[in-house]
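> Quick one, start-v3.txt (compact mmCIF, C-alpha atoms):
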```
# COMPACT_ATOMS: atom_id res chain seq x y z
CA MET T 1 0.00 0.00 0.00
CA ALA T 2 1.28 3.46 -0.96
CA LYS T 3 2.70 5.57 1.86
CA LEU T 4 0.76 8.77 2.56
CA GLU T 5 2.71 11.96 1.91
CA TYR T 6 1.79 15.57 2.71
CA ASP T 7 3.15 18.92 1.55
CA LYS T 8 4.15 21.80 3.86
CA THR T 9 0.53 23.02 4.08
CA GLY T 10 -0.71 19.60 5.19
CA ARG T 11 -2.26 18.72 1.80
CA LEU T 12 -2.38 14.98 1.09
CA LEU T 13 -0.43 14.33 -2.11
CA PHE T 14 -1.21 11.93 -4.95
CA THR T 15 2.09 10.09 -5.37
CA LYS T 16 3.68 7.97 -8.09
CA GLU T 17 2.98 4.84 -6.02
CA MET T 18 -0.69 5.80 -5.86
CA LYS T 19 -0.87 6.00 -9.65
CA GLU T 20 -0.19 2.26 -9.76
CA GLU T 21 -2.68 1.27 -7.04
CA TYR T 22 -5.44 3.88 -6.85
CA THR T 23 -8.73 4.32 -8.70
CA ILE T 24 -9.53 7.95 -9.51
CA LEU T 25 -13.20 8.99 -9.38
CA LEU T 26 -14.31 11.69 -11.82
CA PRO T 27 -17.54 13.72 -11.52
CA MET T 28 -19.99 13.57 -14.42
CA MET T 29 -20.91 16.66 -16.42
CA ALA T 30 -21.14 16.20 -20.20
CA PRO T 31 -21.37 12.42 -20.83
CA ILE T 32 -19.98 12.30 -24.39
CA HIS T 33 -17.05 14.61 -23.71
CA PHE T 34 -16.17 13.16 -20.32
CA ASN T 35 -16.21 9.56 -21.52
CA LEU T 36 -13.69 10.51 -24.21
CA ILE T 37 -11.48 12.43 -21.75
CA LYS T 38 -11.70 9.58 -19.23
CA ASN T 39 -10.18 7.31 -21.87
CA VAL T 40 -7.35 9.80 -22.42
CA PHE T 41 -6.43 9.31 -18.75
CA THR T 42 -6.67 5.54 -19.22
CA HIS T 43 -4.14 5.80 -22.07
CA TYR T 44 -1.68 7.43 -19.66
CA GLY T 45 -2.01 4.67 -17.10
CA TYR T 46 -4.58 6.11 -14.72
CA LYS T 47 -7.40 3.90 -13.47
CA THR T 48 -10.49 6.11 -13.62
CA VAL T 49 -14.23 5.78 -12.98
CA LEU T 50 -16.71 8.35 -14.28
CA LEU T 51 -19.53 8.69 -11.76
CA ASP T 52 -23.00 8.56 -13.35
CA THR T 53 -25.04 8.35 -10.15
CA GLU T 54 -28.18 10.49 -9.92
CA GLY T 55 -31.07 10.99 -7.53
CA PRO T 56 -32.12 13.37 -4.74
CA GLU T 57 -30.00 11.55 -2.18
CA ILE T 58 -26.83 13.02 -3.74
CA ALA T 59 -27.99 16.57 -3.01
CA GLN T 60 -28.88 15.49 0.52
CA VAL T 61 -25.39 14.08 1.05
CA GLY T 62 -23.97 17.35 -0.28
CA LEU T 63 -26.12 19.38 2.10
CA LYS T 64 -24.80 17.33 5.00
CA TYR T 65 -21.16 18.18 4.29
CA VAL T 66 -21.30 21.55 2.46
CA HIS T 67 -22.86 24.80 3.68
CA ASN T 68 -26.21 25.36 1.97
CA ASP T 69 -25.19 28.88 0.86
CA THR T 70 -22.47 27.39 -1.36
CA CYS T 71 -22.87 27.16 -5.14
CA TYR T 72 -25.30 24.40 -6.09
CA PRO T 73 -22.79 22.70 -8.48
CA ALA T 74 -20.26 22.42 -5.62
CA LEU T 75 -22.90 20.85 -3.43
CA LEU T 76 -23.76 18.27 -6.12
CA VAL T 77 -20.18 17.40 -7.13
CA ILE T 78 -19.05 17.02 -3.52
CA GLY T 79 -22.24 15.13 -2.70
CA GLN T 80 -21.64 12.76 -5.63
CA PHE T 81 -18.06 12.09 -4.50
CA ILE T 82 -18.93 11.39 -0.87
CA HIS T 83 -21.99 9.34 -1.89
CA ALA T 84 -19.66 7.16 -3.99
CA LEU T 85 -17.15 6.74 -1.14
CA GLN T 86 -19.96 5.79 1.24
CA SER T 87 -21.46 3.29 -1.23
CA GLY T 88 -18.97 0.52 -0.46
CA LYS T 89 -18.12 0.08 -4.16
CA TYR T 90 -14.62 1.46 -3.75
CA ASP T 91 -11.70 0.71 -1.43
CA VAL T 92 -11.41 4.11 0.26
CA ASN T 93 -7.76 3.33 1.08
CA LYS T 94 -7.01 3.09 -2.64
CA THR T 95 -9.30 5.74 -4.08
CA ALA T 96 -8.55 9.32 -5.17
CA LEU T 97 -10.79 12.10 -6.48
CA MET T 98 -10.18 14.53 -9.34
CA ILE T 99 -11.76 17.97 -9.72
CA THR T 100 -11.08 20.88 -12.08
CA GLN T 101 -9.65 24.13 -10.72
CA THR T 102 -9.64 27.17 -13.00
CA GLY T 103 -7.82 29.63 -10.77
CA GLY T 104 -10.16 32.44 -11.79
CA GLY T 105 -12.43 34.67 -9.72
CA CYS T 106 -15.35 32.23 -9.79
CA ARG T 107 -15.92 30.32 -6.55
CA ALA T 108 -15.44 27.12 -8.56
CA SER T 109 -11.71 27.59 -7.95
CA ASN T 110 -12.39 26.86 -4.29
CA TYR T 111 -14.49 23.72 -4.76
CA ILE T 112 -11.35 21.66 -4.18
CA HIS T 113 -10.87 23.20 -0.71
CA LEU T 114 -14.54 22.69 0.14
CA LEU T 115 -14.20 19.08 -1.00
CA ARG T 116 -11.18 18.42 1.26
CA LYS T 117 -12.99 19.99 4.19
CA ALA T 118 -16.06 17.82 3.49
CA LEU T 119 -13.93 14.66 3.21
CA ILE T 120 -12.44 15.28 6.66
CA LYS T 121 -15.91 15.84 8.10
CA ALA T 122 -17.16 12.60 6.47
CA GLY T 123 -14.20 10.58 7.74
CA PHE T 124 -12.38 10.27 4.40
CA ASP T 125 -9.34 12.42 5.22
CA LYS T 126 -7.01 9.76 3.75
CA VAL T 127 -8.53 10.15 0.26
CA PRO T 128 -6.30 12.40 -1.90
CA VAL T 129 -7.81 15.02 -4.21
CA ILE T 130 -6.15 15.83 -7.55
CA SER T 131 -6.49 19.30 -9.04
CA LEU T 132 -6.96 19.28 -12.82
CA ASN T 133 -5.67 22.70 -13.86
CA LEU T 134 -3.45 24.37 -16.44
CA SER T 135 -2.22 27.10 -14.09
CA GLY T 136 0.20 25.15 -11.90
CA LEU T 137 -2.02 25.74 -8.86
CA GLU T 138 -1.24 22.36 -7.29
CA LYS T 139 1.29 19.68 -8.17
CA ASN T 140 1.40 15.96 -7.44
CA SER T 141 4.23 13.57 -8.26
CA GLY T 142 1.68 10.96 -9.38
CA PHE T 143 -0.22 13.19 -11.80
CA SER T 144 0.97 15.69 -14.38
CA ILE T 145 -0.47 17.27 -17.50
CA THR T 146 1.71 17.09 -20.60
CA ILE T 147 1.37 18.70 -24.04
CA PRO T 148 0.40 15.37 -25.69
CA MET T 149 -2.25 14.87 -22.99
CA ILE T 150 -3.63 18.38 -23.61
CA ARG T 151 -3.80 17.65 -27.34
CA ARG T 152 -5.74 14.43 -26.72
CA MET T 153 -8.12 16.17 -24.31
CA ALA T 154 -8.67 19.01 -26.81
CA ALA T 155 -9.44 16.40 -29.47
CA GLY T 156 -11.87 14.76 -27.04
CA LEU T 157 -13.65 18.09 -26.53
CA VAL T 158 -14.06 18.86 -30.22
CA TYR T 159 -15.19 15.29 -30.99
CA GLY T 160 -17.63 15.59 -28.09
CA ASP T 161 -18.98 18.89 -29.42
CA GLU T 162 -19.51 17.40 -32.88
CA LEU T 163 -21.21 14.22 -31.62
CA MET T 164 -23.47 16.19 -29.27
CA LEU T 165 -24.45 18.64 -32.03
CA LEU T 166 -25.18 15.91 -34.58
CA ARG T 167 -27.16 13.80 -32.14
CA ASN T 168 -29.26 16.77 -31.04
CA GLN T 169 -30.07 17.75 -34.64
CA ILE T 170 -30.97 14.20 -35.71
CA GLN T 171 -32.52 12.56 -32.63
CA PRO T 172 -35.86 14.48 -32.63
CA TYR T 173 -36.53 13.42 -36.23
CA GLU T 174 -35.15 9.85 -36.39
CA LEU T 175 -37.49 7.16 -37.68
CA ASN T 176 -35.76 4.42 -35.68
CA VAL T 177 -35.76 5.60 -32.08
CA GLY T 178 -32.35 5.42 -30.42
CA GLU T 179 -30.35 5.20 -33.64
CA ALA T 180 -28.59 8.55 -33.15
CA GLN T 181 -27.50 7.67 -29.60
CA ARG T 182 -26.27 4.26 -30.72
CA LEU T 183 -24.15 5.96 -33.36
CA VAL T 184 -22.75 8.31 -30.70
CA ASP T 185 -21.82 5.30 -28.54
CA LYS T 186 -20.18 3.60 -31.52
CA TRP T 187 -18.03 6.65 -32.23
CA VAL T 188 -17.05 7.11 -28.57
CA THR T 189 -15.79 3.51 -28.58
CA GLU T 190 -13.98 3.98 -31.91
CA LEU T 191 -12.31 7.23 -30.86
CA SER T 192 -11.33 5.81 -27.47
CA ASP T 193 -9.69 2.85 -29.24
CA GLN T 194 -7.78 5.32 -31.41
CA PHE T 195 -6.60 7.25 -28.35
CA ALA T 196 -5.44 4.00 -26.74
CA LYS T 197 -3.29 3.32 -29.82
CA GLY T 198 -1.83 6.83 -29.83
CA LYS T 199 -3.99 7.90 -32.77
CA GLY T 200 -6.89 10.26 -33.46
CA PHE T 201 -5.45 13.52 -32.20
CA THR T 202 -3.25 14.91 -34.99
CA ALA T 203 -4.75 17.65 -37.17
CA LYS T 204 -5.10 15.29 -40.16
CA GLU T 205 -6.63 12.48 -38.08
CA ILE T 206 -9.09 14.87 -36.43
CA GLU T 207 -10.13 16.26 -39.81
CA ASP T 208 -10.64 12.76 -41.24
CA ASN T 209 -12.55 11.52 -38.19
CA MET T 210 -14.81 14.55 -38.07
CA ASP T 211 -15.68 14.16 -41.74
CA LYS T 212 -16.53 10.48 -41.23
CA ILE T 213 -18.59 11.26 -38.13
CA ALA T 214 -20.68 13.94 -39.87
CA ARG T 215 -21.20 11.74 -42.94
CA SER T 216 -22.32 8.78 -40.80
CA PHE T 217 -25.13 10.84 -39.24
CA THR T 218 -26.51 11.71 -42.69
CA GLU T 219 -27.22 8.00 -43.17
CA ILE T 220 -29.80 7.96 -40.35
CA LYS T 221 -33.33 8.02 -41.76
CA ILE T 222 -35.32 11.00 -40.52
CA ASN T 223 -38.66 12.75 -40.94
CA ARG T 224 -37.93 16.46 -40.50
CA ILE T 225 -41.30 17.76 -39.38
CA PRO T 226 -41.56 21.26 -37.79
CA LYS T 227 -40.54 21.24 -34.12
CA ILE T 228 -39.93 23.86 -31.46
CA LYS T 229 -36.21 24.66 -31.36
CA VAL T 230 -34.83 25.29 -27.89
CA GLY T 231 -31.40 26.52 -26.85
CA VAL T 232 -29.92 25.78 -23.41
CA VAL T 233 -27.40 28.08 -21.72
CA GLY T 234 -26.25 28.67 -18.17
CA GLU T 235 -23.55 27.94 -15.63
CA ILE T 236 -21.40 25.26 -17.22
CA TYR T 237 -22.16 22.41 -14.79
CA VAL T 238 -25.92 22.95 -14.58
CA LYS T 239 -26.01 23.55 -18.34
CA TYR T 240 -24.66 20.07 -19.18
CA ALA T 241 -25.12 17.81 -16.13
CA ALA T 242 -28.41 15.92 -15.94
CA LEU T 243 -27.85 15.70 -12.18
CA GLY T 244 -27.72 19.49 -11.99
CA ASN T 245 -30.63 20.37 -14.29
CA ASN T 246 -33.06 17.55 -13.45
CA ASN T 247 -32.59 15.85 -16.84
CA LEU T 248 -33.49 19.02 -18.74
CA GLU T 249 -32.56 17.63 -22.17
CA LYS T 250 -34.72 14.55 -21.63
CA PHE T 251 -37.64 16.72 -20.50
CA LEU T 252 -37.36 18.96 -23.57
CA ALA T 253 -37.20 15.89 -25.83
CA GLU T 254 -40.39 14.58 -24.21
CA GLN T 255 -42.03 17.90 -25.07
CA GLY T 256 -41.16 17.32 -28.75
CA CYS T 257 -38.35 19.88 -28.97
CA GLU T 258 -35.07 20.01 -30.85
CA VAL T 259 -32.38 21.08 -28.39
CA ASN T 260 -29.29 23.14 -29.18
CA LEU T 261 -26.64 22.95 -26.47
CA PRO T 262 -23.62 25.17 -27.31
CA GLY T 263 -20.37 23.19 -27.19
CA ILE T 264 -17.62 23.18 -24.57
CA MET T 265 -15.04 24.34 -27.12
CA GLY T 266 -16.49 27.87 -27.02
CA PHE T 267 -16.09 27.94 -23.24
CA MET T 268 -12.48 26.75 -23.51
CA LEU T 269 -11.68 29.45 -26.09
CA PHE T 270 -13.33 32.00 -23.78
CA LYS T 271 -11.10 30.94 -20.86
CA VAL T 272 -7.91 30.95 -22.94
CA ASP T 273 -8.82 34.31 -24.51
CA ASN T 274 -9.30 35.79 -21.02
CA ARG T 275 -5.76 34.79 -20.06
CA LEU T 276 -4.40 36.55 -23.16
CA GLU T 277 -6.40 39.70 -22.41
CA ASP T 278 -5.15 39.73 -18.81
CA ILE T 279 -1.53 39.69 -19.98
CA LYS T 280 -2.23 42.42 -22.55
CA LEU T 281 -3.88 44.65 -19.94
CA TYR T 282 -1.79 44.00 -16.86
CA GLY T 283 1.47 42.64 -18.22
CA GLY T 284 3.01 39.22 -17.80
CA ASN T 285 5.62 36.77 -18.93
CA LYS T 286 6.12 36.83 -22.74
CA ILE T 287 6.88 33.11 -22.83
CA LYS T 288 3.64 32.38 -20.98
CA TYR T 289 1.75 34.61 -23.41
CA ASN T 290 3.23 32.80 -26.42
CA VAL T 291 2.32 29.38 -24.98
CA ILE T 292 -1.27 30.49 -24.26
CA ASN T 293 -1.53 32.12 -27.69
CA ALA T 294 -0.35 28.88 -29.34
CA LEU T 295 -3.12 27.03 -27.47
CA MET T 296 -5.63 29.66 -28.65
CA ILE T 297 -4.55 29.18 -32.27
CA TYR T 298 -4.72 25.38 -31.93
CA LEU T 299 -8.22 25.41 -30.39
CA THR T 300 -9.41 27.86 -33.07
CA LYS T 301 -8.22 25.45 -35.78
CA LEU T 302 -10.18 22.63 -34.15
CA GLU T 303 -13.26 24.85 -33.95
CA THR T 304 -12.91 25.80 -37.64
CA SER T 305 -12.66 22.12 -38.58
CA LEU T 306 -15.87 21.39 -36.64
CA ILE T 307 -17.77 24.24 -38.31
CA GLU T 308 -16.63 23.27 -41.80
CA ASN T 309 -17.41 19.55 -41.42
CA VAL T 310 -20.92 19.86 -40.02
CA SER T 311 -21.75 22.61 -42.56
CA LYS T 312 -20.50 20.41 -45.39
CA TYR T 313 -23.17 17.80 -44.60
CA GLY T 314 -26.05 20.23 -44.14
CA PHE T 315 -26.15 20.51 -40.36
CA VAL T 316 -26.52 23.82 -38.50
CA PRO T 317 -22.98 24.73 -37.37
CA PRO T 318 -22.04 26.61 -34.22
CA SER T 319 -20.85 30.17 -34.73
CA SER T 320 -17.13 30.79 -34.51
CA TYR T 321 -15.88 32.07 -31.17
CA GLN T 322 -14.88 35.38 -32.72
CA HIS T 323 -18.36 35.90 -34.21
CA THR T 324 -20.01 34.97 -30.90
CA LYS T 325 -17.75 37.48 -29.14
CA SER T 326 -18.65 40.20 -31.66
CA LEU T 327 -22.35 39.82 -30.81
CA VAL T 328 -21.87 41.36 -27.36
CA ASP T 329 -19.61 44.20 -28.46
CA GLY T 330 -21.33 47.26 -27.02
CA VAL T 331 -23.88 45.11 -25.20
CA ILE T 332 -21.83 43.99 -22.20
CA GLY T 333 -18.21 44.62 -21.29
CA PHE T 334 -15.56 42.01 -22.04
CA GLY T 335 -14.32 42.57 -18.49
CA SER T 336 -17.35 40.64 -17.25
CA LYS T 337 -15.57 37.31 -17.30
CA MET T 338 -16.11 35.58 -13.96
CA GLY T 339 -17.68 32.16 -14.44
CA GLU T 340 -19.31 32.13 -17.89
CA GLY T 341 -19.13 35.95 -18.02
CA TRP T 342 -20.11 37.74 -21.20
CA LEU T 343 -20.06 34.40 -23.08
CA LEU T 344 -23.40 33.52 -21.47
CA THR T 345 -25.02 36.65 -22.93
CA ALA T 346 -23.29 36.05 -26.26
CA GLU T 347 -24.56 32.44 -26.48
CA MET T 348 -28.16 33.62 -26.05
CA LEU T 349 -27.69 36.10 -28.91
CA GLU T 350 -25.95 33.40 -30.99
CA LEU T 351 -28.75 30.89 -30.43
CA THR T 352 -31.44 33.43 -31.33
CA GLU T 353 -29.54 34.37 -34.48
CA ALA T 354 -29.34 30.67 -35.46
CA GLY T 355 -33.08 30.09 -35.04
CA TYR T 356 -33.04 28.75 -31.48
CA GLY T 357 -34.53 31.82 -29.82
CA ASN T 358 -36.56 29.78 -27.31
CA ILE T 359 -33.98 29.57 -24.54
CA VAL T 360 -33.73 27.98 -21.11
CA CYS T 361 -31.16 29.79 -18.98
CA ALA T 362 -30.15 27.34 -16.23
CA GLN T 363 -29.14 29.23 -13.12
CA PRO T 364 -27.73 27.48 -10.05
CA PHE T 365 -28.27 28.88 -6.60
CA GLY T 366 -25.29 30.92 -5.42
CA CYS T 367 -23.91 31.78 -8.87
CA LEU T 368 -23.82 35.59 -8.95
CA PRO T 369 -22.04 35.90 -12.37
CA ASN T 370 -24.69 33.66 -13.93
CA HIS T 371 -27.54 35.79 -12.64
CA ILE T 372 -25.91 39.00 -13.88
CA ASN T 373 -24.93 37.75 -17.35
CA GLY T 374 -27.97 35.48 -17.74
CA LYS T 375 -31.15 36.67 -16.08
CA GLY T 376 -29.84 40.22 -15.82
CA MET T 377 -29.37 40.50 -19.60
CA MET T 378 -32.67 38.98 -20.76
CA ARG T 379 -34.44 42.31 -21.31
CA ARG T 380 -31.48 43.73 -23.23
CA ILE T 381 -31.30 40.64 -25.46
CA LYS T 382 -35.03 40.88 -26.25
CA SER T 383 -34.56 44.56 -27.19
CA ILE T 384 -31.80 43.53 -29.63
CA ASP T 385 -33.66 40.57 -31.16
CA GLU T 386 -37.41 40.30 -30.61
CA ARG T 387 -37.33 36.59 -31.50
CA ALA T 388 -35.71 35.85 -28.12
CA ASN T 389 -38.10 33.93 -25.85
CA ILE T 390 -36.07 33.28 -22.70
CA VAL T 391 -36.93 31.71 -19.37
CA ALA T 392 -34.49 31.67 -16.45
CA ILE T 393 -34.80 28.56 -14.28
CA ASP T 394 -33.24 28.43 -10.82
CA TYR T 395 -31.78 25.10 -9.69
CA ASP T 396 -31.13 24.38 -6.02
CA PRO T 397 -31.94 21.63 -3.50
CA GLY T 398 -35.19 23.28 -2.46
CA ALA T 399 -36.56 24.10 -5.92
CA PRO T 400 -39.49 21.76 -6.79
CA ARG T 401 -38.94 20.06 -10.14
CA VAL T 402 -42.61 20.45 -11.08
CA ASN T 403 -42.33 24.24 -10.71
CA GLN T 404 -39.25 24.32 -12.94
CA GLU T 405 -40.94 22.23 -15.63
CA ASN T 406 -44.15 24.27 -15.49
CA ARG T 407 -42.21 27.48 -16.09
CA ILE T 408 -40.46 25.86 -19.06
CA LYS T 409 -43.86 24.72 -20.39
CA LEU T 410 -45.08 28.32 -20.30
CA MET T 411 -42.08 29.35 -22.42
CA LEU T 412 -42.80 26.45 -24.80
CA ALA T 413 -46.47 27.53 -25.09
CA VAL T 414 -45.30 30.90 -26.41
CA ALA T 415 -42.80 29.09 -28.67
CA LYS T 416 -45.56 26.84 -30.07
CA GLU T 417 -47.77 29.85 -30.78
CA ASN T 418 -44.91 31.56 -32.62
CA LEU T 419 -44.15 28.37 -34.59
CA ASN T 420 -47.80 28.04 -35.67
CA LYS T 421 -47.82 31.65 -36.84
CA GLU T 422 -44.68 31.02 -38.90
CA LEU T 423 -46.17 27.87 -40.46
CA GLU T 424 -49.41 29.72 -41.23
CA LYS T 425 -47.49 32.57 -42.81
CA SER T 426 -45.46 30.11 -44.87
CA GLU T 427 -48.60 28.26 -46.06
CA ASN T 428 -50.29 31.52 -47.06
CA SER T 429 -47.19 32.59 -48.96
CA THR T 430 -47.10 29.24 -50.80
CA GLU T 431 -50.81 29.52 -51.69
CA LYS T 432 -50.33 33.03 -53.09
CA LYS T 433 -47.41 31.86 -55.23
CA THR T 434 -49.49 28.91 -56.51
CA VAL T 435 -52.41 31.21 -57.42
CA ALA T 436 -50.08 33.69 -59.10
CA ALA T 437 -48.46 30.89 -61.12
CA ALA T 438 -51.88 29.61 -62.24
CA HIS T 439 -52.77 33.03 -63.64
```
Mind turning the file's structure into C-alpha cells?


Amino acid sequence: MAKLEYDKTGRLLFTKEMKEEYTILLPMMAPIHFNLIKNVFTHYGYKTVLLDTEGPEIAQVGLKYVHNDTCYPALLVIGQFIHALQSGKYDVNKTALMITQTGGGCRASNYIHLLRKALIKAGFDKVPVISLNLSGLEKNSGFSITIPMIRRMAAGLVYGDELMLLRNQIQPYELNVGEAQRLVDKWVTELSDQFAKGKGFTAKEIEDNMDKIARSFTEIKINRIPKIKVGVVGEIYVKYAALGNNNLEKFLAEQGCEVNLPGIMGFMLFKVDNRLEDIKLYGGNKIKYNVINALMIYLTKLETSLIENVSKYGFVPPSSYQHTKSLVDGVIGFGSKMGEGWLLTAEMLELTEAGYGNIVCAQPFGCLPNHINGKGMMRRIKSIDERANIVAIDYDPGAPRVNQENRIKLMLAVAKENLNKELEKSENSTEKKTVAAAH
C-alpha cells in the first residue's frame, strides 16, 4: 500500500505509487465529452471511474457536508463524491478524487478546498484530491499534465462537441428511435480505441474523423417535421449535467423539442482568450503569453474544422468564437468574465440568431455571475432581437422540479404559438405563389 505523503501546508499528495494502485473517481458533467477524456487518462495509465449516479440523495449528502449557501454545483459534485465513497463500491484506502480548478475569480476555484474539508468531516481524510488545472495551482508527483495529454483532451472536446451537435439535430426526427444515440456510442468507442493506440489527435486524423462522423449521421433516416427549437445556456455544470438540471434535455425531448446545447469548445476558447487579455492589460511573462496564444490558435483550428465539417453535410454549425464574441460588443463589457461571463449573454444572442430563440437559462443557486450575465441580460437581449423567448430557471436543493418544468412549459407555449404563426405565414405565402403561377 502506498505511503501517505503531505506537503508543507498539510495537503495529502497523490504520489507515483498511488498511480499504480489507486482508482480515480471523476464527476460527471457532459457524458460524451467526459467519456472521451476519461479514456485519455486511461491511455496514460490512470485507473479512472466516471460517476454517473443520480437521484435526490446526492444533493442530501452534499447538504450534510457543504454549507447550503455554497454554489449548487459544488454541493452536487461534492455530494456525488462522498456518496460514492460511502457506497462501499470502492476501497477508500485506494481511491482518489479529481476535480477541475480554473484559478479564476469564480468560486469554482475553491471547490477543491470545500471538498477536502467535506472529506475530513465525512471521515475520508485519507482520500487524496487531484487538481486538474493548467495554471500550476497544485502539483502531485503521481499526476501531471503534458502537451500530448492536452492535445488528446482538446481532441476529445471537439469530438464531443460534434457528436453532441449531430445527435441533437438528428434525434428528434429519427425514424428508428435510439439510432442517433447508438451511433454516438459507436463513435465514442472507436475514438477511445484510437486514443489507446496513440492515434486520433493529430490535425489530419481529427479532420478525417470529423468528416466520417458527420457523414455517418446523414445515413440515419429521418422525418424532418416542424418542431420547437430550444437553446440551453447557463452555468457550465448545470447547463450540461443531468444531475444538476433535473434531466433538462430529456424533458425537452419529451415535449417534442429540438435542443441546441452550445459546445464546450467555445467555453475553452473564452477561458484561454481571457488569459491573453489579462496579460495584454496588466502585463506578464512573454513566454507564458506565447504558450497560451499557441493554445488559442490550436483550439481555433479545431473549432474551424468542426464548423466546416458539419456545414458540409447540411447541419446547422455553431458560430465561430470570434463571431459569438462580436455579438456582445457594445452590449456587455468584455471585463465581465467571472464564471461564464459575457459568453453567457453572447450564447443567447448566438442561439437566437441561429433560429433557437426559445432559450432555457439554467441558473444554479449561489452563482452571482450567472444571474448577472444570464437573467440580468434577458431584457437587453429581447430589445436587440425580438425573436428571443427566454426563461431563467433556478436550480437548487429546495426548488421543486414540477415548478421548474411548469415554467419551461409556459415558455414552450409561447414558442408553439410563434411556430404556428410562422407555419401559417409560410402556407399563405405558398398559396399566393401557386395562385399567381396559375394566372

> At most 12 Å from (-2.3, 10.5, -32.1), file frame, all atoms listed in the file: which residues, as a list in words?

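Output of the proximity query reads Val40, His43, Pro148, Met149, Ile150, Arg151, Arg152, Met153, Ala154, Ala155, Gly156, Leu191, Ser192, Asp193, Gln194, Phe195, Ala196, Lys197, Gly198, Lys199, Gly200, Phe201, Thr202, Ala203, Lys204, Glu205, Ile206 and Asn209 of chain T.
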
> For CA of Pro369 in chain T and CA of Glu340 in chain T, quote the distance in Å rounded to one decimal.

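These atoms are spaced 7.2 Å apart.
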
> Can you tell me which residues surround Phe14 in chain T at a distance of at most 6 Å, considering all atoms listed in the file, apart from same-chain residues fewer than 5 positions away, and format the answer as a list in words?

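Returned residues: Pro128, Asn140 and Gly142 of chain T.
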
> Kindly assemble as CSV a list of the range 256-312 of chain T residues that lie within 7 Å of range 212-233 of chain T, each paired with its nearest atom pair and their distance in Å to one decimal, using all atoms listed in the file, sorted first by chain and then by ascending residue number.


```
residue,atom,partner,partner_atom,distance
T:Gly256,CA,T:Lys227,CA,6.7
T:Cys257,CA,T:Ile228,CA,5.0
T:Glu258,CA,T:Lys229,CA,4.8
T:Val259,CA,T:Val230,CA,4.9
T:Asn260,CA,T:Gly231,CA,4.6
T:Leu261,CA,T:Val232,CA,5.3
T:Asn309,CA,T:Ala214,CA,6.7
T:Val310,CA,T:Ala214,CA,5.9
```

> Can you tell me which residues surround Met98 in chain T at a distance of at most 9 Å, considering all atoms listed in the file, apart from same-chain residues fewer than 3 positions away, and format the answer as a list in words?

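Here the answer would be Ile24, Leu25, Leu26, Pro27, Ile112, Pro128, Val129, Ile130, Ser131 and Leu132 of chain T.
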
> Quote the spacing between CA of Met265 in chain T and CA of Lys139 in chain T in Å to one decimal place.

25.4 Å

> Please measure the separation of CA of Asp161 in chain T and CA of Gly263 in chain T, giving the value in Å to one decimal.

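If I compute the distance from CA of Asp161 in chain T to CA of Gly263 in chain T, I get 5.0 Å.
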
> Using all atoms listed in the file, pick whichever of T:Lys337, T:His323, T:Lys416, T:Lys312 has the shortest atom-to-atom distance to Asn389 in chain T.

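Counting all atoms listed in the file, the residue closest to Asn389 in chain T is T:Lys416.
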
> Which neighbours of Glu57 in chain T fall inside 12 Å, counting only C-alpha atoms, when residues of the same chain fewer than 2 positions from it are skipped, and could you give them as a list in words?

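My reading of the contact set: Thr53, Glu54, Gly55, Ala59, Gln60, Val61, Gly62, Leu63, Lys64, Leu75, Leu76, Gly79, Gln80, Ile82, His83, Ala84, Ser87, Leu243 and Pro397 of chain T.
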
> Excluding Lys94 in chain T and residues on its chain fewer than 3 positions from it, collect all residues at most 9 Å away from it, counting all atoms listed in the file, and give them as a count of residues only.

10

> Can you work out which one of T:Thr48, T:Asn110, T:Gln169, T:Asn428 has the shortest atom-to-atom distance to Ile78 in chain T, counting all atoms listed in the file?

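Closest candidate: T:Asn110.
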
> Would you please work out which residue, of T:Asn68, T:Asn247, T:Asn133, T:Thr146, is nearest to Arg401 in chain T when using only C-alpha atoms?

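Looking only at the distances to Arg401 in chain T, the closest residue turns out to be T:Asn247.
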
> Please provide as a PyMOL selection string all residues within 10 Å of Arg380 in chain T, with the sequence filter that same-chain residues fewer than 3 positions apart are discarded (counting only C-alpha atoms).

chain T and resi 331-332+345+376-377+383-385

> Taking all atoms listed in the file into account, which of T:Leu344, T:Leu85, T:Leu248, T:Ala354 comes nearest Tyr395 in chain T?

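Closest residue, counting all atoms listed in the file: T:Leu248.
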
> So, with only C-alpha atoms as the atoms that count, which of T:Leu306, T:Val414, T:Ile147, T:Val238 lies closest to Ala294 in chain T?

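Of T:Leu306, T:Val414, T:Ile147, T:Val238, the one nearest Ala294 in chain T, counting only C-alpha atoms, is T:Ile147.
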
> Mind listing whatever residues come within 9 Å of the point (-36.2, 29.8, -29.5)? Use all atoms listed in the file, file coordinates, and give them as a VMD selection string.

chain T and resid 228 to 231 351 to 352 355 to 360 387 to 390 412 415

> Of the residues T:Ser141, T:Asn245, T:Ser305, T:Ser311, which is the one nearest to Glu207 in chain T, using only C-alpha atoms?

T:Ser305
